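Novice: Sending over my_file-v7.tsv (TSV, N, CA and C atoms).
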chain	number	residue	atom	x	y	z
A	1	MET	N	167.54	-214.12	71.81
A	1	MET	CA	166.98	-215.05	72.75
A	1	MET	C	167.22	-216.47	72.26
A	2	SER	N	167.57	-217.35	73.15
A	2	SER	CA	167.78	-218.75	72.83
A	2	SER	C	166.47	-219.50	72.80
A	3	ALA	N	166.47	-220.64	72.14
A	3	ALA	CA	165.27	-221.48	72.07
A	3	ALA	C	164.90	-221.96	73.47
A	4	LEU	N	163.59	-222.07	73.69
A	4	LEU	CA	163.07	-222.53	74.98
A	4	LEU	C	162.42	-223.89	74.78
A	5	ASP	N	162.72	-224.82	75.66
A	5	ASP	CA	162.08	-226.13	75.65
A	5	ASP	C	161.62	-226.39	77.08
A	6	ALA	N	160.34	-226.61	77.23
A	6	ALA	CA	159.81	-226.81	78.59
A	6	ALA	C	158.77	-227.92	78.60
A	7	ARG	N	158.87	-228.76	79.58
A	7	ARG	CA	157.85	-229.74	79.92
A	7	ARG	C	157.55	-229.47	81.37
A	8	VAL	N	156.40	-228.86	81.64
A	8	VAL	CA	156.07	-228.36	82.96
A	8	VAL	C	154.89	-229.13	83.55
A	9	LYS	N	155.13	-229.68	84.73
A	9	LYS	CA	154.03	-230.27	85.49
A	9	LYS	C	154.14	-229.71	86.90
A	10	VAL	N	153.06	-229.07	87.34
A	10	VAL	CA	153.03	-228.46	88.66
A	10	VAL	C	151.62	-228.57	89.23
A	11	GLN	N	151.56	-228.84	90.51
A	11	GLN	CA	150.29	-228.98	91.23
A	11	GLN	C	150.09	-227.73	92.09
A	12	GLN	N	148.93	-227.09	91.93
A	12	GLN	CA	148.55	-225.93	92.74
A	12	GLN	C	147.20	-226.22	93.35
A	13	GLY	N	147.18	-226.68	94.59
A	13	GLY	CA	145.91	-227.08	95.22
A	13	GLY	C	145.32	-228.25	94.47
A	14	THR	N	144.10	-228.11	93.98
A	14	THR	CA	143.45	-229.18	93.24
A	14	THR	C	143.70	-229.07	91.73
A	15	PHE	N	144.41	-228.03	91.30
A	15	PHE	CA	144.69	-227.80	89.88
A	15	PHE	C	146.06	-228.38	89.51
A	16	THR	N	146.12	-229.10	88.40
A	16	THR	CA	147.38	-229.62	87.87
A	16	THR	C	147.62	-229.02	86.49
A	17	LEU	N	148.76	-228.38	86.33
A	17	LEU	CA	149.17	-227.89	85.02
A	17	LEU	C	150.16	-228.90	84.46
A	18	ASP	N	149.89	-229.39	83.27
A	18	ASP	CA	150.76	-230.36	82.59
A	18	ASP	C	150.83	-229.94	81.13
A	19	VAL	N	151.93	-229.27	80.75
A	19	VAL	CA	152.03	-228.68	79.41
A	19	VAL	C	153.47	-228.76	78.90
A	20	SER	N	153.59	-228.88	77.59
A	20	SER	CA	154.90	-228.82	76.93
A	20	SER	C	154.90	-227.61	76.00
A	21	VAL	N	156.03	-226.89	75.98
A	21	VAL	CA	156.17	-225.70	75.15
A	21	VAL	C	157.55	-225.71	74.52
A	22	GLN	N	157.58	-225.48	73.22
A	22	GLN	CA	158.85	-225.31	72.52
A	22	GLN	C	158.74	-224.01	71.73
A	23	ILE	N	159.70	-223.12	71.94
A	23	ILE	CA	159.72	-221.83	71.26
A	23	ILE	C	161.08	-221.69	70.59
A	24	ALA	N	161.08	-221.54	69.27
A	24	ALA	CA	162.32	-221.39	68.52
A	24	ALA	C	162.90	-220.00	68.73
A	25	THR	N	164.19	-219.88	68.52
A	25	THR	CA	164.85	-218.59	68.61
A	25	THR	C	164.16	-217.59	67.68
A	26	GLY	N	163.79	-216.43	68.22
A	26	GLY	CA	163.14	-215.38	67.45
A	26	GLY	C	161.64	-215.54	67.32
A	27	GLU	N	161.11	-216.65	67.77
A	27	GLU	CA	159.67	-216.89	67.68
A	27	GLU	C	158.94	-216.20	68.83
A	28	VAL	N	157.72	-215.76	68.58
A	28	VAL	CA	156.89	-215.15	69.61
A	28	VAL	C	155.74	-216.09	69.90
A	29	LEU	N	155.45	-216.31	71.17
A	29	LEU	CA	154.38	-217.20	71.57
A	29	LEU	C	153.36	-216.42	72.39
A	30	ALA	N	152.10	-216.60	72.07
A	30	ALA	CA	151.02	-216.03	72.88
A	30	ALA	C	150.37	-217.16	73.66
A	31	VAL	N	150.15	-216.94	74.94
A	31	VAL	CA	149.50	-217.94	75.78
A	31	VAL	C	148.08	-217.47	76.03
A	32	LEU	N	147.12	-218.20	75.47
A	32	LEU	CA	145.71	-217.83	75.55
A	32	LEU	C	144.92	-218.95	76.19
A	33	GLY	N	143.84	-218.58	76.86
A	33	GLY	CA	142.96	-219.58	77.44
A	33	GLY	C	141.99	-218.94	78.41
A	34	PRO	N	141.01	-219.71	78.83
A	34	PRO	CA	140.01	-219.17	79.77
A	34	PRO	C	140.61	-218.96	81.16
A	35	ASN	N	139.86	-218.27	82.00
A	35	ASN	CA	140.27	-218.08	83.40
A	35	ASN	C	140.55	-219.43	84.04
A	36	ALA	N	141.60	-219.47	84.85
A	36	ALA	CA	141.99	-220.65	85.62
A	36	ALA	C	142.49	-221.80	84.76
A	37	ALA	N	142.94	-221.51	83.53
A	37	ALA	CA	143.47	-222.55	82.66
A	37	ALA	C	144.94	-222.84	82.93
A	38	GLY	N	145.63	-221.94	83.66
A	38	GLY	CA	147.04	-222.16	83.99
A	38	GLY	C	148.01	-221.23	83.28
A	39	LYS	N	147.51	-220.20	82.61
A	39	LYS	CA	148.39	-219.28	81.87
A	39	LYS	C	149.41	-218.61	82.80
A	40	THR	N	148.93	-218.03	83.87
A	40	THR	CA	149.83	-217.34	84.81
A	40	THR	C	150.74	-218.34	85.51
A	41	THR	N	150.23	-219.50	85.83
A	41	THR	CA	151.06	-220.53	86.47
A	41	THR	C	152.21	-220.91	85.55
A	42	LEU	N	151.93	-221.09	84.26
A	42	LEU	CA	153.00	-221.41	83.30
A	42	LEU	C	154.04	-220.30	83.27
A	43	LEU	N	153.60	-219.05	83.16
A	43	LEU	CA	154.54	-217.92	83.12
A	43	LEU	C	155.35	-217.83	84.40
A	44	ARG	N	154.73	-218.07	85.54
A	44	ARG	CA	155.46	-218.05	86.82
A	44	ARG	C	156.53	-219.14	86.84
A	45	CYS	N	156.23	-220.31	86.31
A	45	CYS	CA	157.21	-221.39	86.24
A	45	CYS	C	158.38	-221.01	85.33
A	46	LEU	N	158.08	-220.52	84.14
A	46	LEU	CA	159.13	-220.14	83.19
A	46	LEU	C	160.04	-219.06	83.75
A	47	ALA	N	159.46	-218.13	84.50
A	47	ALA	CA	160.24	-217.02	85.07
A	47	ALA	C	160.99	-217.41	86.33
A	48	GLY	N	160.72	-218.58	86.87
A	48	GLY	CA	161.40	-219.00	88.10
A	48	GLY	C	160.74	-218.52	89.36
A	49	LEU	N	159.49	-218.07	89.25
A	49	LEU	CA	158.75	-217.62	90.43
A	49	LEU	C	158.04	-218.78	91.11
A	50	LEU	N	157.95	-219.91	90.42
A	50	LEU	CA	157.31	-221.11	90.94
A	50	LEU	C	158.07	-222.32	90.40
A	51	PRO	N	158.68	-223.10	91.28
A	51	PRO	CA	159.40	-224.29	90.80
A	51	PRO	C	158.42	-225.36	90.32
A	52	ILE	N	158.83	-226.10	89.30
A	52	ILE	CA	157.97	-227.15	88.78
A	52	ILE	C	158.12	-228.42	89.62
A	53	ASP	N	157.11	-229.28	89.56
A	53	ASP	CA	157.15	-230.54	90.30
A	53	ASP	C	157.81	-231.64	89.46
A	54	GLU	N	157.56	-231.62	88.16
A	54	GLU	CA	158.14	-232.60	87.24
A	54	GLU	C	158.44	-231.91	85.92
A	55	GLY	N	159.38	-232.49	85.16
A	55	GLY	CA	159.69	-231.98	83.83
A	55	GLY	C	161.00	-231.23	83.81
A	56	HIS	N	161.07	-230.25	82.91
A	56	HIS	CA	162.30	-229.45	82.76
A	56	HIS	C	161.97	-228.14	82.06
A	57	ILE	N	162.82	-227.17	82.27
A	57	ILE	CA	162.77	-225.91	81.53
A	57	ILE	C	164.21	-225.61	81.12
A	58	THR	N	164.43	-225.52	79.81
A	58	THR	CA	165.77	-225.18	79.32
A	58	THR	C	165.66	-223.99	78.38
A	59	LEU	N	166.65	-223.15	78.43
A	59	LEU	CA	166.76	-221.98	77.55
A	59	LEU	C	168.09	-222.13	76.84
A	60	GLY	N	168.04	-222.49	75.55
A	60	GLY	CA	169.27	-222.83	74.84
A	60	GLY	C	169.83	-224.10	75.45
A	61	ASP	N	171.07	-224.03	75.87
A	61	ASP	CA	171.72	-225.19	76.50
A	61	ASP	C	171.69	-225.12	78.03
A	62	VAL	N	171.05	-224.09	78.58
A	62	VAL	CA	171.04	-223.88	80.02
A	62	VAL	C	169.78	-224.46	80.64
A	63	VAL	N	169.96	-225.36	81.59
A	63	VAL	CA	168.83	-225.93	82.32
A	63	VAL	C	168.47	-224.96	83.44
A	64	LEU	N	167.21	-224.50	83.44
A	64	LEU	CA	166.74	-223.56	84.45
A	64	LEU	C	165.98	-224.26	85.57
A	65	ASP	N	165.33	-225.36	85.23
A	65	ASP	CA	164.54	-226.09	86.23
A	65	ASP	C	164.47	-227.55	85.80
A	66	ASP	N	164.88	-228.43	86.69
A	66	ASP	CA	164.80	-229.87	86.46
A	66	ASP	C	164.81	-230.55	87.82
A	67	PRO	N	163.62	-230.78	88.39
A	67	PRO	CA	163.56	-231.35	89.73
A	67	PRO	C	164.26	-232.70	89.86
A	68	ALA	N	164.22	-233.53	88.81
A	68	ALA	CA	164.86	-234.84	88.87
A	68	ALA	C	166.37	-234.71	89.04
A	69	ALA	N	166.95	-233.66	88.47
A	69	ALA	CA	168.39	-233.41	88.58
A	69	ALA	C	168.72	-232.43	89.70
A	70	ARG	N	167.69	-232.02	90.45
A	70	ARG	CA	167.83	-231.06	91.54
A	70	ARG	C	168.44	-229.73	91.08
A	71	VAL	N	167.96	-229.27	89.93
A	71	VAL	CA	168.40	-227.98	89.38
A	71	VAL	C	167.23	-227.01	89.45
A	72	PHE	N	167.48	-225.86	90.03
A	72	PHE	CA	166.51	-224.77	90.05
A	72	PHE	C	167.26	-223.45	90.07
A	73	VAL	N	167.16	-222.70	88.99
A	73	VAL	CA	167.77	-221.37	88.91
A	73	VAL	C	166.71	-220.37	89.36
A	74	PRO	N	166.98	-219.60	90.42
A	74	PRO	CA	165.98	-218.66	90.91
A	74	PRO	C	165.72	-217.52	89.92
A	75	ALA	N	164.59	-216.88	90.08
A	75	ALA	CA	164.13	-215.83	89.16
A	75	ALA	C	165.19	-214.76	88.92
A	76	GLU	N	165.85	-214.33	89.96
A	76	GLU	CA	166.80	-213.22	89.81
A	76	GLU	C	168.05	-213.62	89.02
A	77	ARG	N	168.26	-214.91	88.79
A	77	ARG	CA	169.41	-215.36	88.01
A	77	ARG	C	169.02	-215.85	86.62
A	78	ARG	N	167.74	-215.74	86.27
A	78	ARG	CA	167.27	-216.18	84.95
A	78	ARG	C	167.24	-215.00	83.99
A	79	PRO	N	167.56	-215.25	82.72
A	79	PRO	CA	167.45	-214.18	81.72
A	79	PRO	C	166.03	-214.10	81.17
A	80	VAL	N	165.07	-214.15	82.07
A	80	VAL	CA	163.66	-214.16	81.72
A	80	VAL	C	162.96	-213.13	82.59
A	81	GLY	N	162.02	-212.41	82.01
A	81	GLY	CA	161.25	-211.45	82.79
A	81	GLY	C	159.79	-211.56	82.45
A	82	VAL	N	158.96	-211.25	83.41
A	82	VAL	CA	157.51	-211.27	83.21
A	82	VAL	C	156.96	-209.95	83.73
A	83	VAL	N	156.13	-209.31	82.93
A	83	VAL	CA	155.41	-208.13	83.38
A	83	VAL	C	153.95	-208.54	83.45
A	84	PHE	N	153.44	-208.68	84.67
A	84	PHE	CA	152.07	-209.11	84.85
A	84	PHE	C	151.11	-207.98	84.50
A	85	GLN	N	149.84	-208.30	84.39
A	85	GLN	CA	148.86	-207.38	83.84
A	85	GLN	C	148.95	-205.97	84.41
A	86	ASP	N	148.40	-205.68	85.55
A	86	ASP	CA	148.47	-204.30	86.00
A	86	ASP	C	148.94	-204.15	87.44
A	87	TYR	N	148.74	-205.15	88.26
A	87	TYR	CA	149.02	-204.95	89.67
A	87	TYR	C	150.49	-204.94	90.02
A	88	LEU	N	151.38	-205.31	89.10
A	88	LEU	CA	152.80	-205.26	89.39
A	88	LEU	C	153.55	-204.24	88.53
A	89	LEU	N	152.80	-203.43	87.79
A	89	LEU	CA	153.43	-202.37	87.01
A	89	LEU	C	153.66	-201.15	87.90
A	90	PHE	N	154.64	-200.36	87.53
A	90	PHE	CA	154.90	-199.12	88.25
A	90	PHE	C	154.05	-198.04	87.59
A	91	PRO	N	153.01	-197.55	88.27
A	91	PRO	CA	152.09	-196.60	87.64
A	91	PRO	C	152.75	-195.26	87.31
A	92	ASN	N	153.86	-194.95	87.94
A	92	ASN	CA	154.55	-193.69	87.69
A	92	ASN	C	155.50	-193.78	86.49
A	93	LEU	N	155.67	-194.97	85.91
A	93	LEU	CA	156.58	-195.14	84.77
A	93	LEU	C	155.80	-195.33	83.48
A	94	ARG	N	156.42	-194.90	82.38
A	94	ARG	CA	155.83	-195.17	81.07
A	94	ARG	C	155.96	-196.66	80.76
A	95	VAL	N	155.20	-197.12	79.78
A	95	VAL	CA	155.24	-198.53	79.40
A	95	VAL	C	156.67	-198.97	79.09
A	96	VAL	N	157.38	-198.18	78.28
A	96	VAL	CA	158.73	-198.54	77.89
A	96	VAL	C	159.65	-198.69	79.11
A	97	ASP	N	159.45	-197.85	80.12
A	97	ASP	CA	160.29	-197.93	81.32
A	97	ASP	C	159.92	-199.12	82.20
A	98	ASN	N	158.64	-199.50	82.21
A	98	ASN	CA	158.24	-200.73	82.91
A	98	ASN	C	158.89	-201.94	82.26
A	99	VAL	N	158.90	-201.96	80.93
A	99	VAL	CA	159.50	-203.08	80.21
A	99	VAL	C	161.02	-203.08	80.40
A	100	ALA	N	161.62	-201.90	80.46
A	100	ALA	CA	163.07	-201.78	80.61
A	100	ALA	C	163.54	-202.03	82.04
A	101	PHE	N	162.62	-202.10	82.99
A	101	PHE	CA	162.99	-202.19	84.40
A	101	PHE	C	163.92	-203.38	84.70
A	102	GLY	N	163.60	-204.54	84.15
A	102	GLY	CA	164.44	-205.72	84.41
A	102	GLY	C	165.87	-205.53	83.95
A	103	LEU	N	166.04	-204.93	82.78
A	103	LEU	CA	167.39	-204.67	82.28
A	103	LEU	C	168.12	-203.67	83.17
A	104	ARG	N	167.39	-202.65	83.61
A	104	ARG	CA	168.00	-201.63	84.48
A	104	ARG	C	168.50	-202.26	85.79
A	105	THR	N	167.72	-203.22	86.34
A	105	THR	CA	168.13	-203.86	87.59
A	105	THR	C	169.36	-204.74	87.40
A	106	ARG	N	169.65	-205.08	86.15
A	106	ARG	CA	170.84	-205.88	85.84
A	106	ARG	C	172.02	-205.03	85.39
A	107	GLY	N	171.90	-203.70	85.56
A	107	GLY	CA	173.02	-202.81	85.29
A	107	GLY	C	173.08	-202.23	83.89
A	108	VAL	N	172.07	-202.49	83.06
A	108	VAL	CA	172.07	-201.91	81.72
A	108	VAL	C	171.72	-200.44	81.83
A	109	ARG	N	172.48	-199.60	81.13
A	109	ARG	CA	172.25	-198.16	81.19
A	109	ARG	C	170.87	-197.80	80.65
A	110	ARG	N	170.32	-196.70	81.17
A	110	ARG	CA	168.96	-196.28	80.86
A	110	ARG	C	168.67	-196.24	79.36
A	111	GLY	N	169.52	-195.57	78.59
A	111	GLY	CA	169.29	-195.44	77.15
A	111	GLY	C	169.26	-196.78	76.44
A	112	ALA	N	170.21	-197.63	76.78
A	112	ALA	CA	170.27	-198.95	76.15
A	112	ALA	C	169.08	-199.81	76.56
A	113	ALA	N	168.68	-199.72	77.83
A	113	ALA	CA	167.53	-200.49	78.31
A	113	ALA	C	166.25	-200.04	77.63
A	114	ARG	N	166.08	-198.73	77.50
A	114	ARG	CA	164.88	-198.20	76.82
A	114	ARG	C	164.87	-198.62	75.35
A	115	ALA	N	166.02	-198.56	74.70
A	115	ALA	CA	166.08	-198.94	73.28
A	115	ALA	C	165.70	-200.40	73.10
A	116	ARG	N	166.21	-201.26	73.96
A	116	ARG	CA	165.86	-202.70	73.87
A	116	ARG	C	164.39	-202.91	74.20
A	117	ALA	N	163.88	-202.20	75.20
A	117	ALA	CA	162.47	-202.33	75.55
A	117	ALA	C	161.58	-201.89	74.40
A	118	LEU	N	161.92	-200.79	73.76
A	118	LEU	CA	161.14	-200.31	72.62
A	118	LEU	C	161.20	-201.32	71.46
A	119	GLU	N	162.37	-201.89	71.25
A	119	GLU	CA	162.53	-202.91	70.21
A	119	GLU	C	161.59	-204.10	70.48
A	120	GLU	N	161.55	-204.55	71.72
A	120	GLU	CA	160.70	-205.70	72.06
A	120	GLU	C	159.22	-205.33	72.02
A	121	LEU	N	158.86	-204.14	72.46
A	121	LEU	CA	157.47	-203.68	72.37
A	121	LEU	C	157.03	-203.63	70.90
A	122	THR	N	157.89	-203.10	70.05
A	122	THR	CA	157.59	-203.00	68.63
A	122	THR	C	157.44	-204.39	68.02
A	123	ARG	N	158.31	-205.30	68.40
A	123	ARG	CA	158.25	-206.68	67.92
A	123	ARG	C	156.94	-207.34	68.30
A	124	ALA	N	156.41	-206.98	69.45
A	124	ALA	CA	155.15	-207.55	69.93
A	124	ALA	C	153.94	-206.76	69.44
A	125	GLY	N	154.18	-205.75	68.60
A	125	GLY	CA	153.09	-204.95	68.05
A	125	GLY	C	152.56	-203.91	69.03
A	126	LEU	N	153.38	-203.54	70.02
A	126	LEU	CA	152.95	-202.60	71.06
A	126	LEU	C	153.79	-201.32	71.08
A	127	GLY	N	154.55	-201.08	70.02
A	127	GLY	CA	155.41	-199.90	69.99
A	127	GLY	C	154.67	-198.59	70.16
A	128	GLU	N	153.43	-198.53	69.68
A	128	GLU	CA	152.67	-197.29	69.76
A	128	GLU	C	152.23	-196.94	71.18
A	129	VAL	N	152.32	-197.87	72.12
A	129	VAL	CA	151.90	-197.55	73.50
A	129	VAL	C	153.11	-197.30	74.41
A	130	ALA	N	154.31	-197.30	73.86
A	130	ALA	CA	155.54	-197.18	74.65
A	130	ALA	C	155.58	-195.94	75.52
A	131	SER	N	155.04	-194.84	75.04
A	131	SER	CA	155.14	-193.60	75.81
A	131	SER	C	153.97	-193.37	76.77
A	132	ARG	N	153.05	-194.28	76.81
A	132	ARG	CA	151.91	-194.12	77.74
A	132	ARG	C	152.34	-194.39	79.16
Spell out the structure here as structure tokens.

Specialist:
Amino acid sequence: MSALDARVKVQQGTFTLDVSVQIATGEVLAVLGPNAAGKTTLLRCLAGLLPIDEGHITLGDVVLDDPAARVFVPAERRPVGVVFQDYLLFPNLRVVDNVAFGLRTRGVRRGAARARALEELTRAGLGEVASR
């Protein structure tokens, strides 16, 4: 994974999210906070599910979102995936297959997608729940 640099400002009704995030290659970031703090809004912006109003999102040397430059890469063209808590998971799939789903939709073979998903689950300390 390439380094991520983001300065995100987005207005959602009366709520304004204004945050900067830098994640080095290989680094893991946890987004924590109380309800309505903007955690999901930030993830939606990074994944391309919600365009930002101001700022930029870059992954390595690739600009994914920069309203000033009129750049917006849609979610399906970003090398980013988000698995939301429970309402967007496939209940008929194991955890590892839910995580591998994005790779499978991009043409990665089942075995390779599962292996990468298990690797990422293990990296996040969730390898033991892969078969649930």

Novice: Enter the distance from atom CA of Ala113 of chain A to atom C of Ile23 of chain A, in Å, rounded to one decimal.

Specialist: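 Computed distance, atom CA of Ala113 of chain A to atom C of Ile23 of chain A, equals 23.5 Å.
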
Novice: Which residues in segment 1-114 of chain A does DSSP call strand (DSSP E)? List them as an mmCIF file with N, CA and C atoms, keeping the file's coordinate frame.

Specialist:
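Saved result, states-v5.cif, follows:
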data_model
loop_
_atom_site.group_PDB
_atom_site.id
_atom_site.type_symbol
_atom_site.label_atom_id
_atom_site.label_comp_id
_atom_site.auth_asym_id
_atom_site.auth_seq_id
_atom_site.Cartn_x
_atom_site.Cartn_y
_atom_site.Cartn_z
ATOM 1 N N LEU A 4 163.590 -222.070 73.690
ATOM 2 C CA LEU A 4 163.070 -222.530 74.980
ATOM 3 C C LEU A 4 162.420 -223.890 74.780
ATOM 4 N N ASP A 5 162.720 -224.820 75.660
ATOM 5 C CA ASP A 5 162.080 -226.130 75.650
ATOM 6 C C ASP A 5 161.620 -226.390 77.080
ATOM 7 N N ALA A 6 160.340 -226.610 77.230
ATOM 8 C CA ALA A 6 159.810 -226.810 78.590
ATOM 9 C C ALA A 6 158.770 -227.920 78.600
ATOM 10 N N ARG A 7 158.870 -228.760 79.580
ATOM 11 C CA ARG A 7 157.850 -229.740 79.920
ATOM 12 C C ARG A 7 157.550 -229.470 81.370
ATOM 13 N N VAL A 8 156.400 -228.860 81.640
ATOM 14 C CA VAL A 8 156.070 -228.360 82.960
ATOM 15 C C VAL A 8 154.890 -229.130 83.550
ATOM 16 N N LYS A 9 155.130 -229.680 84.730
ATOM 17 C CA LYS A 9 154.030 -230.270 85.490
ATOM 18 C C LYS A 9 154.140 -229.710 86.900
ATOM 19 N N VAL A 10 153.060 -229.070 87.340
ATOM 20 C CA VAL A 10 153.030 -228.460 88.660
ATOM 21 C C VAL A 10 151.620 -228.570 89.230
ATOM 22 N N GLN A 11 151.560 -228.840 90.510
ATOM 23 C CA GLN A 11 150.290 -228.980 91.230
ATOM 24 C C GLN A 11 150.090 -227.730 92.090
ATOM 25 N N GLN A 12 148.930 -227.090 91.930
ATOM 26 C CA GLN A 12 148.550 -225.930 92.740
ATOM 27 C C GLN A 12 147.200 -226.220 93.350
ATOM 28 N N PHE A 15 144.410 -228.030 91.300
ATOM 29 C CA PHE A 15 144.690 -227.800 89.880
ATOM 30 C C PHE A 15 146.060 -228.380 89.510
ATOM 31 N N THR A 16 146.120 -229.100 88.400
ATOM 32 C CA THR A 16 147.380 -229.620 87.870
ATOM 33 C C THR A 16 147.620 -229.020 86.490
ATOM 34 N N LEU A 17 148.760 -228.380 86.330
ATOM 35 C CA LEU A 17 149.170 -227.890 85.020
ATOM 36 C C LEU A 17 150.160 -228.900 84.460
ATOM 37 N N ASP A 18 149.890 -229.390 83.270
ATOM 38 C CA ASP A 18 150.760 -230.360 82.590
ATOM 39 C C ASP A 18 150.830 -229.940 81.130
ATOM 40 N N VAL A 19 151.930 -229.270 80.750
ATOM 41 C CA VAL A 19 152.030 -228.680 79.410
ATOM 42 C C VAL A 19 153.470 -228.760 78.900
ATOM 43 N N SER A 20 153.590 -228.880 77.590
ATOM 44 C CA SER A 20 154.900 -228.820 76.930
ATOM 45 C C SER A 20 154.900 -227.610 76.000
ATOM 46 N N VAL A 21 156.030 -226.890 75.980
ATOM 47 C CA VAL A 21 156.170 -225.700 75.150
ATOM 48 C C VAL A 21 157.550 -225.710 74.520
ATOM 49 N N GLN A 22 157.580 -225.480 73.220
ATOM 50 C CA GLN A 22 158.850 -225.310 72.520
ATOM 51 C C GLN A 22 158.740 -224.010 71.730
ATOM 52 N N ILE A 23 159.700 -223.120 71.940
ATOM 53 C CA ILE A 23 159.720 -221.830 71.260
ATOM 54 C C ILE A 23 161.080 -221.690 70.590
ATOM 55 N N GLU A 54 157.560 -231.620 88.160
ATOM 56 C CA GLU A 54 158.140 -232.600 87.240
ATOM 57 C C GLU A 54 158.440 -231.910 85.920
ATOM 58 N N GLY A 55 159.380 -232.490 85.160
ATOM 59 C CA GLY A 55 159.690 -231.980 83.830
ATOM 60 C C GLY A 55 161.000 -231.230 83.810
ATOM 61 N N HIS A 56 161.070 -230.250 82.910
ATOM 62 C CA HIS A 56 162.300 -229.450 82.760
ATOM 63 C C HIS A 56 161.970 -228.140 82.060
ATOM 64 N N ILE A 57 162.820 -227.170 82.270
ATOM 65 C CA ILE A 57 162.770 -225.910 81.530
ATOM 66 C C ILE A 57 164.210 -225.610 81.120
ATOM 67 N N THR A 58 164.430 -225.520 79.810
ATOM 68 C CA THR A 58 165.770 -225.180 79.320
ATOM 69 C C THR A 58 165.660 -223.990 78.380
ATOM 70 N N LEU A 59 166.650 -223.150 78.430
ATOM 71 C CA LEU A 59 166.760 -221.980 77.550
ATOM 72 C C LEU A 59 168.090 -222.130 76.840
ATOM 73 N N VAL A 62 171.050 -224.090 78.580
ATOM 74 C CA VAL A 62 171.040 -223.880 80.020
ATOM 75 C C VAL A 62 169.780 -224.460 80.640
ATOM 76 N N VAL A 63 169.960 -225.360 81.590
ATOM 77 C CA VAL A 63 168.830 -225.930 82.320
ATOM 78 C C VAL A 63 168.470 -224.960 83.440
ATOM 79 N N LEU A 64 167.210 -224.500 83.440
ATOM 80 C CA LEU A 64 166.740 -223.560 84.450
ATOM 81 C C LEU A 64 165.980 -224.260 85.570
ATOM 82 N N ASP A 65 165.330 -225.360 85.230
ATOM 83 C CA ASP A 65 164.540 -226.090 86.230
ATOM 84 C C ASP A 65 164.470 -227.550 85.800
ATOM 85 N N ASP A 66 164.880 -228.430 86.690
ATOM 86 C CA ASP A 66 164.800 -229.870 86.460
ATOM 87 C C ASP A 66 164.810 -230.550 87.820
ATOM 88 N N VAL A 71 167.960 -229.270 89.930
ATOM 89 C CA VAL A 71 168.400 -227.980 89.380
ATOM 90 C C VAL A 71 167.230 -227.010 89.450
ATOM 91 N N PHE A 72 167.480 -225.860 90.030
ATOM 92 C CA PHE A 72 166.510 -224.770 90.050
ATOM 93 C C PHE A 72 167.260 -223.450 90.070
#

Novice: Any idea what the distance is between atom N of Ala112 of chain A and atom C of Val95 of chain A?

Specialist: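 Going from atom N of Ala112 of chain A over to atom C of Val95 of chain A covers 13.8 Å.
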
Novice: Of the residues A:Val62, A:Ala117, A:Ala3, A:Ala100, which is the one nearest to Gly26 of chain A, using all atoms listed in the file?

Specialist: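 Of A:Val62, A:Ala117, A:Ala3, A:Ala100, the one nearest Gly26 of chain A is A:Ala3, counting all atoms listed in the file.
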
Novice: Do you have the atom CA of Val82 of chain A-atom N of Glu54 of chain A distance handy?

Specialist: 20.9 Å

Novice: Check the DSSP output for the backbone and give back, as a PyMOL selection string, the residues of chain A in alpha helix (DSSP H).

Specialist: chain A and resi 39-47+95-105+110-123

Novice: Let me make sure I understand: among A:Gly48, A:Pro67, A:Gly38, A:Gly127, which one has the smallest atom-to-atom distance to Gly81 of chain A if we use all atoms listed in the file?

Specialist: A:Gly48

Novice: Please determine the residues with any atom at most 7 Å from (154.0, -205.3, 77.2) (coordinates as given in the file, with only N, CA and C atoms counting) and report them as a ChimeraX atom specification.

Specialist: /A:83,99,121,126

Novice: Nearest to Val8 of chain A among A:Ile52, A:Leu118, A:Ala36, A:Leu103, with distances taken over all atoms listed in the file: which residue is it?

Specialist: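 For Val8 of chain A, the nearest of the given residues is A:Ile52.
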
Novice: Could you tell me, as an MDAnalysis selection string, which residues have any atom at most 7 Å from (160.7, -228.0, 91.6), counting only N, CA and C atoms?

Specialist: chainID A and resid 50:54 65:67 71:72

Novice: Pick the closest to Arg78 of chain A from A:Gly125, A:Arg116, A:Val10, A:Leu46: which is it, counting all atoms listed in the file?

Specialist: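 Checking each of A:Gly125, A:Arg116, A:Val10, A:Leu46 against Arg78 of chain A, counting all atoms listed in the file, the winner is A:Leu46.
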
Novice: Calculate, to one decimal in Å, the centre and edge lengths of the box along x, y and z of the file that holds all listed atoms of segment 45-57 of chain A with 8 Å of margin on each side, and present them as JSON.

Specialist:
{"center_x": 160.2, "center_y": -224.8, "center_z": 86.2, "size_x": 24.0, "size_y": 31.6, "size_z": 26.2}
